[in-house]
Amino acid sequence: MPLNRRKFLKKSAATGAGVAIAGAAAAPAAQAAETGAAAKPAKRYSLTVMGTTDLHGHVFNWDYFKNAEYTDKAGNAQGLSRISTLVNQIRAEKGRCNTLLLDAGDTIQGTPLTYYYAKVDPITAKGGPVHPMAQAMNAIGYDAAALGNHEFNYGIETLRKFEEQCHFPLLGANAVDAKSLKPAFPPYFIKKFHVPGAPPVKVAVLGLTNPGIAIWDKAYVQGKLAFPGLEEQAAKWVPKLRAMGADVVVVSAHSGSSGTSSYGDQLPYVENSAALVAQQVPGIDAILVGHAHVEIPELKVTNAKTGKTVVLSEPLAFAERLSVFDIELVFGRGRWTVESVSSKVLNSNTVADDPKITKLLTDEHAKVVEYVNQVVGSATETLTTVDARYKDAPIIDLINKVQEDVVKAALAGTEYAALPVVSQASPFSRTSEIPAGEVTIRDLSSLYVYDNTLVAKLLTGAQIREYLEYSAEYFVQTAADAAVDVEKLTNANDRPDYNYDYVSGFQYEIDIAQAAGSRVKNLTYNGAALDDAQQFVFAVNNYRANGGGAFPNVASAKELWSESTEIRTRIAEWVTAKGVLDPKDFASVDWKLTRNGTPVF
């Protein structure tokens with residue numbers, strides 16, 4: 001221990017000064033014992049930790065799919081340019097030297113901007129560009145970011161190039177080399193904050209990512225990287241950080257707080273485990289939460305072993321919010337102790353864009369706007385997803401038709417060429433529209449918002465029947481005589497729209513008056529009752545093929561073929577080749593909702 005700490009400790013022991021107080025609520029100032037002289041006030045320090053998460057390529061308040069400023073019913077604004085203004089305000093108020101800026105992952109995927117710099121003008125090319133997200137985050141002055149699962153969507157080479165371009169570390173204590181099990185990315189980041197007349201405050205940031213990467217991006221990471229559980233790795237690293245002298249431990253976790261998993265029992269690790277980490281692992285002061293795309297201004301979790309309160313906060317995705325943790329420390333008995341932690345979120349709709357960020361990335365933004373507005377064909381009528389989640393909509397049939405055609409061509413000349421090809425697709429968005437008249441890349445991209453790729457699997461009729469039953473759990477059970485409200489008809493048990501699948505090639509009814517598990521009725525193929533033993537080639541996106549959504553049978557099914565070209569690119573190619581987008585070339589009514597045999601619509 002340095003001499004000045006030893007002197008302070010002796011003095012504290014003699015006077016009774018510097019009582020360390022830990023707990024959920026702010027404690028009164030430590031008081032010196034009465035010695036006849038004026039009590040010497042305890043040294044204090046205020047640290048502010050700011051955090052974003054799930055930025056998904058949102059630099060500006062711009063909707064590339066609508067070619068207009070972003071708007072929604074809640075009046076939200078998006079983009080790192082707004083976040084930059086909020087960060088500048090807090091740094092001006094608190095002093096930049098007393099702040100830390102973190103992110104909790106999912107940065108380089110999610111908008112045409114990120115797609116463009118991964119695929120069209122890739123950052124991995126020789127002499128290629130610097131990723132716009134790296135440029136923006138460097139300019140804003142991020143200190144560290146956790147890895148998100150979507151960081152792996154374009155492969156490890158793209159991620160490593162992005163990492164190289166960032167002026168801050170990408171953290172992932174539970175992203176390890178598959179063979180050595182040693183960290184493949186920096187597990188933590190430590191920063192010292194100087195306090196006049198006292199030892200510096202040492203802050204450690206532990207980064208944790210999502211175990212689901214092993215499923216969702218299996219094609220890129222299998223055999224190369226492994227992703228153990230967050231609780232297990234936090235329990236390993238937090239004591240090390242404390243032993244290294246960390247006065248404050250903050251976790252940046254790309255993991256929600258609900259304790260649930262979308263992948264069922266396919267992995268032994270919890271997907272959304274941030275609150276479990278707080279509850280199970282002693283020594284953590286605050287957790288910046290990500291992944292779930294929900295807004296949590298402040299969540300207090302009691303650690304089961306110490307009784308200490310850990311404060312969690314998750315800012316809304318797409319740079320719509322900024323989480324702010326205020327951490328108060330007091331110095332006593334030779335060390336800094338966290339006295340209180342509180343958190344809140346700030347809304348980026350309250351400020352204007354930072355002109356520095358606007359100027360920095362205007363050119364990149366303009367290139368992407370030009371790219372997405374390229375005309376690739378024309379449509380004979382308007383196609384929309386407005387009611388696609390409860391009615392068989394031609395716009396979803398288009399996705400299935402493209403996927404069927406691509407897989408048929410890929411398997412031509414193979415032993416599987418004679419098998420029928422069927423396909424799955426989901427209503428990703430409730431607002432996608434392909435307008436009558438000119439069709440652009442932007443229109444088609446809005447239909448397929450994810451960077452998924454295509455896989456061909458081998459399934460039996462029985463397995464597809466089970467798959468459809470699982471999909472039908474998406475609907476809320478509705479009695480035959482009950483009024484139907486389409487706003488309350490779907491998303492049973494909080495299942496998102498992207499986890500409801502159409503399956504092409506079959507005709508069937510979904511009886512929503514029945515209990516989940518016995519809803520699929522009159523399932524036929526080619527006009528005859530489905531033969532459970534018949535084999536089918538199933539065209540499926542890589543997220544679903546690798547177990548995303550925990551649909552039965554597909555993850556374990558034999559893989560016949562896969563590719564790295566995005567499905568949205570295949571849709572654009574198909575439309576470009578056709579020239580004209582006419583529903584008669586792809587649309588059919590294959591399924592409908594019923595109640596006791598009577599159609600709902």
# chains A, B, ... in the order shown; residues from 1 in each chain; ligands from 1
$ closest_atom_pairs --of "segment 448-499 of chain A" --to "segment 528-534 of chain A" --cutoff "10 Å" --atoms "only C-alpha atoms" --output "JSON lines"
{"residue": "A:Leu459", "atom": "CA", "partner": "A:Gln534", "partner_atom": "CA", "distance": 8.4}
{"residue": "A:Thr460", "atom": "CA", "partner": "A:Gln534", "partner_atom": "CA", "distance": 5.5}
{"residue": "A:Gly461", "atom": "CA", "partner": "A:Asp532", "partner_atom": "CA", "distance": 4.1}
{"residue": "A:Ala462", "atom": "CA", "partner": "A:Asp532", "partner_atom": "CA", "distance": 4.2}
{"residue": "A:Gln463", "atom": "CA", "partner": "A:Asp532", "partner_atom": "CA", "distance": 7.7}
{"residue": "A:Ile464", "atom": "CA", "partner": "A:Asp532", "partner_atom": "CA", "distance": 8.5}
{"residue": "A:Arg465", "atom": "CA", "partner": "A:Asp532", "partner_atom": "CA", "distance": 8.0}
$ write_last_selection --atoms "N, CA and C atoms" --output "short mmCIF file (atom, residue, chain, number, x, y, z; two decimals), in the first residue's frame"
data_model
loop_
_atom_site.label_atom_id
_atom_site.label_comp_id
_atom_site.auth_asym_id
_atom_site.auth_seq_id
_atom_site.Cartn_x
_atom_site.Cartn_y
_atom_site.Cartn_z
N LEU A 459 -36.76 -32.36 -43.83
CA LEU A 459 -37.78 -32.62 -42.81
C LEU A 459 -38.83 -33.59 -43.34
N THR A 460 -39.49 -34.27 -42.42
CA THR A 460 -40.61 -35.14 -42.79
C THR A 460 -41.93 -34.39 -42.60
N GLY A 461 -43.00 -34.97 -43.16
CA GLY A 461 -44.32 -34.38 -42.98
C GLY A 461 -44.70 -34.27 -41.51
N ALA A 462 -44.36 -35.29 -40.72
CA ALA A 462 -44.68 -35.26 -39.29
C ALA A 462 -43.94 -34.12 -38.59
N GLN A 463 -42.70 -33.91 -38.98
CA GLN A 463 -41.93 -32.83 -38.35
C GLN A 463 -42.47 -31.46 -38.73
N ILE A 464 -42.94 -31.32 -39.97
CA ILE A 464 -43.53 -30.05 -40.39
C ILE A 464 -44.86 -29.81 -39.69
N ARG A 465 -45.64 -30.86 -39.48
CA ARG A 465 -46.88 -30.73 -38.73
C ARG A 465 -46.60 -30.19 -37.32
#
$ atom_distance --atom1 "atom CA of Ser588 of chain A" --atom2 "atom CA of Asp494 of chain A"
28.7 Å
$ residues_around --residues "Arg389 of chain A" --least-positions-apart "6" --cutoff "9 Å" --atoms "only C-alpha atoms" --output "PyMOL selection string"
chain A and resi 426-428+430+490+497+500
$ select_by_dssp --residues "segment 54-279 of chain A" --states "strand (DSSP E or B)" --output "count of residues only"
44
$ closest_residue --among "A:Arg595, A:Thr350, A:Leu299, A:Val249" --to "Gly75 of chain A" --atoms "only C-alpha atoms"
A:Thr350
$ closest_residue --among "A:Asn153, A:Ser255, A:Asn526, A:Thr414" --to "Pro211 of chain A" --atoms "only C-alpha atoms"
A:Ser255
$ closest_residue --among "A:Glu328, A:Glu69, A:Asp363, A:Glu320" --to "Pro132 of chain A" --atoms "only C-alpha atoms"
A:Asp363
$ atom_distance --atom1 "atom CA of Ala539 of chain A" --atom2 "atom CA of Val455 of chain A"
5.9 Å
$ residues_around --residues "Phe162 of chain A" --least-positions-apart "6" --cutoff "8 Å" --atoms "only C-alpha atoms" --output "PDB file with N, CA, C and O atoms, in the first residue's frame"
ATOM      1  N   ILE A 123     -15.782  -2.861 -45.282  1.00  0.00           N
ATOM      2  CA  ILE A 123     -14.633  -2.361 -44.526  1.00  0.00           C
ATOM      3  C   ILE A 123     -13.459  -3.329 -44.603  1.00  0.00           C
ATOM      4  O   ILE A 123     -12.315  -2.949 -44.336  1.00  0.00           O
ATOM      5  N   VAL A 130     -13.537   3.215 -43.307  1.00  0.00           N
ATOM      6  CA  VAL A 130     -13.702   3.028 -41.860  1.00  0.00           C
ATOM      7  C   VAL A 130     -15.201   2.972 -41.589  1.00  0.00           C
ATOM      8  O   VAL A 130     -15.969   3.800 -42.077  1.00  0.00           O
ATOM      9  N   HIS A 131     -15.627   1.984 -40.831  1.00  0.00           N
ATOM     10  CA  HIS A 131     -17.047   1.782 -40.583  1.00  0.00           C
ATOM     11  C   HIS A 131     -17.674   3.041 -39.974  1.00  0.00           C
ATOM     12  O   HIS A 131     -17.106   3.630 -39.047  1.00  0.00           O
ATOM     13  N   ALA A 134     -17.846   2.999 -36.251  1.00  0.00           N
ATOM     14  CA  ALA A 134     -16.554   3.240 -35.602  1.00  0.00           C
ATOM     15  C   ALA A 134     -16.224   4.727 -35.637  1.00  0.00           C
ATOM     16  O   ALA A 134     -15.774   5.297 -34.629  1.00  0.00           O
TER      17      ALA A 134
END
$ atom_distance --atom1 "atom CA of Leu316 of chain A" --atom2 "atom CA of Phe193 of chain A"
28.2 Å
$ closest_atom_pairs --of "segment 331-418 of chain A" --to "segment 49-56 of chain A" --cutoff "10 Å" --atoms "only C-alpha atoms" --output "JSON lines"
{"residue": "A:Ser343", "atom": "CA", "partner": "A:Val49", "partner_atom": "CA", "distance": 9.1}
{"residue": "A:Lys344", "atom": "CA", "partner": "A:Met50", "partner_atom": "CA", "distance": 9.8}
{"residue": "A:Val345", "atom": "CA", "partner": "A:Gly51", "partner_atom": "CA", "distance": 9.2}
{"residue": "A:Leu346", "atom": "CA", "partner": "A:Met50", "partner_atom": "CA", "distance": 9.9}
$ write_last_selection --atoms "N, CA, C and O atoms" --output "compact mmCIF listing (two decimals), in the first residue's frame"
# COMPACT_ATOMS: atom_id res chain seq x y z
N SER A 343 -29.84 5.40 -11.22
CA SER A 343 -29.79 5.48 -12.68
C SER A 343 -31.09 6.06 -13.23
O SER A 343 -32.13 6.06 -12.57
N LYS A 344 -31.00 6.54 -14.45
CA LYS A 344 -32.14 7.09 -15.17
C LYS A 344 -31.85 6.98 -16.66
O LYS A 344 -30.74 6.60 -17.05
N VAL A 345 -32.83 7.28 -17.48
CA VAL A 345 -32.58 7.34 -18.92
C VAL A 345 -32.95 8.73 -19.43
O VAL A 345 -33.88 9.36 -18.92
N LEU A 346 -32.19 9.19 -20.40
CA LEU A 346 -32.48 10.45 -21.07
C LEU A 346 -33.00 10.16 -22.47
O LEU A 346 -32.55 9.22 -23.12
$ closest_atom_pairs --of "segment 410-501 of chain A" --to "segment 112-118 of chain A" --cutoff "10 Å" --atoms "only C-alpha atoms" --output "CSV"
residue,atom,partner,partner_atom,distance
A:Ile441,CA,A:Pro112,CA,9.8
A:Arg442,CA,A:Pro112,CA,8.4
A:Ser445,CA,A:Pro112,CA,8.0
A:Ser446,CA,A:Pro112,CA,9.6
A:Val449,CA,A:Pro112,CA,8.9
A:Tyr450,CA,A:Tyr115,CA,9.8
A:Asp451,CA,A:Tyr115,CA,7.9
$ residues_around --residues "segment 262-265 of chain A" --least-positions-apart "6" --cutoff "7 Å" --atoms "only C-alpha atoms" --output "PDB file with N, CA, C and O atoms, in the first residue's frame"
ATOM      1  N   GLY A 547     -31.785 -22.709 -34.711  1.00  0.00           N
ATOM      2  CA  GLY A 547     -32.518 -22.857 -33.454  1.00  0.00           C
ATOM      3  C   GLY A 547     -33.177 -21.602 -32.942  1.00  0.00           C
ATOM      4  O   GLY A 547     -33.811 -21.634 -31.881  1.00  0.00           O
ATOM      5  N   GLY A 548     -33.044 -20.492 -33.656  1.00  0.00           N
ATOM      6  CA  GLY A 548     -33.669 -19.253 -33.205  1.00  0.00           C
ATOM      7  C   GLY A 548     -35.182 -19.389 -33.141  1.00  0.00           C
ATOM      8  O   GLY A 548     -35.812 -19.822 -34.100  1.00  0.00           O
ATOM      9  N   GLY A 549     -35.752 -19.015 -31.989  1.00  0.00           N
ATOM     10  CA  GLY A 549     -37.186 -19.152 -31.785  1.00  0.00           C
ATOM     11  C   GLY A 549     -37.585 -20.497 -31.218  1.00  0.00           C
ATOM     12  O   GLY A 549     -38.751 -20.714 -30.890  1.00  0.00           O
ATOM     13  N   ALA A 550     -36.623 -21.409 -31.105  1.00  0.00           N
ATOM     14  CA  ALA A 550     -36.835 -22.735 -30.504  1.00  0.00           C
ATOM     15  C   ALA A 550     -37.924 -23.544 -31.212  1.00  0.00           C
ATOM     16  O   ALA A 550     -38.635 -24.329 -30.590  1.00  0.00           O
TER      17      ALA A 550
END
$ closest_residue --among "A:Tyr269, A:Tyr70, A:Phe318, A:Tyr508" --to "His293 of chain A" --atoms "only C-alpha atoms"
A:Phe318
$ closest_residue --among "A:Thr576, A:Asn542, A:Thr524, A:Asn347" --to "Ala74 of chain A" --atoms "only C-alpha atoms"
A:Asn347
$ residues_around --residues "Asp590 of chain A" --least-positions-apart "5" --cutoff "10 Å" --atoms "only C-alpha atoms" --output "VMD selection string"
chain A and resid 391 to 393 397 502 to 509 523 to 524
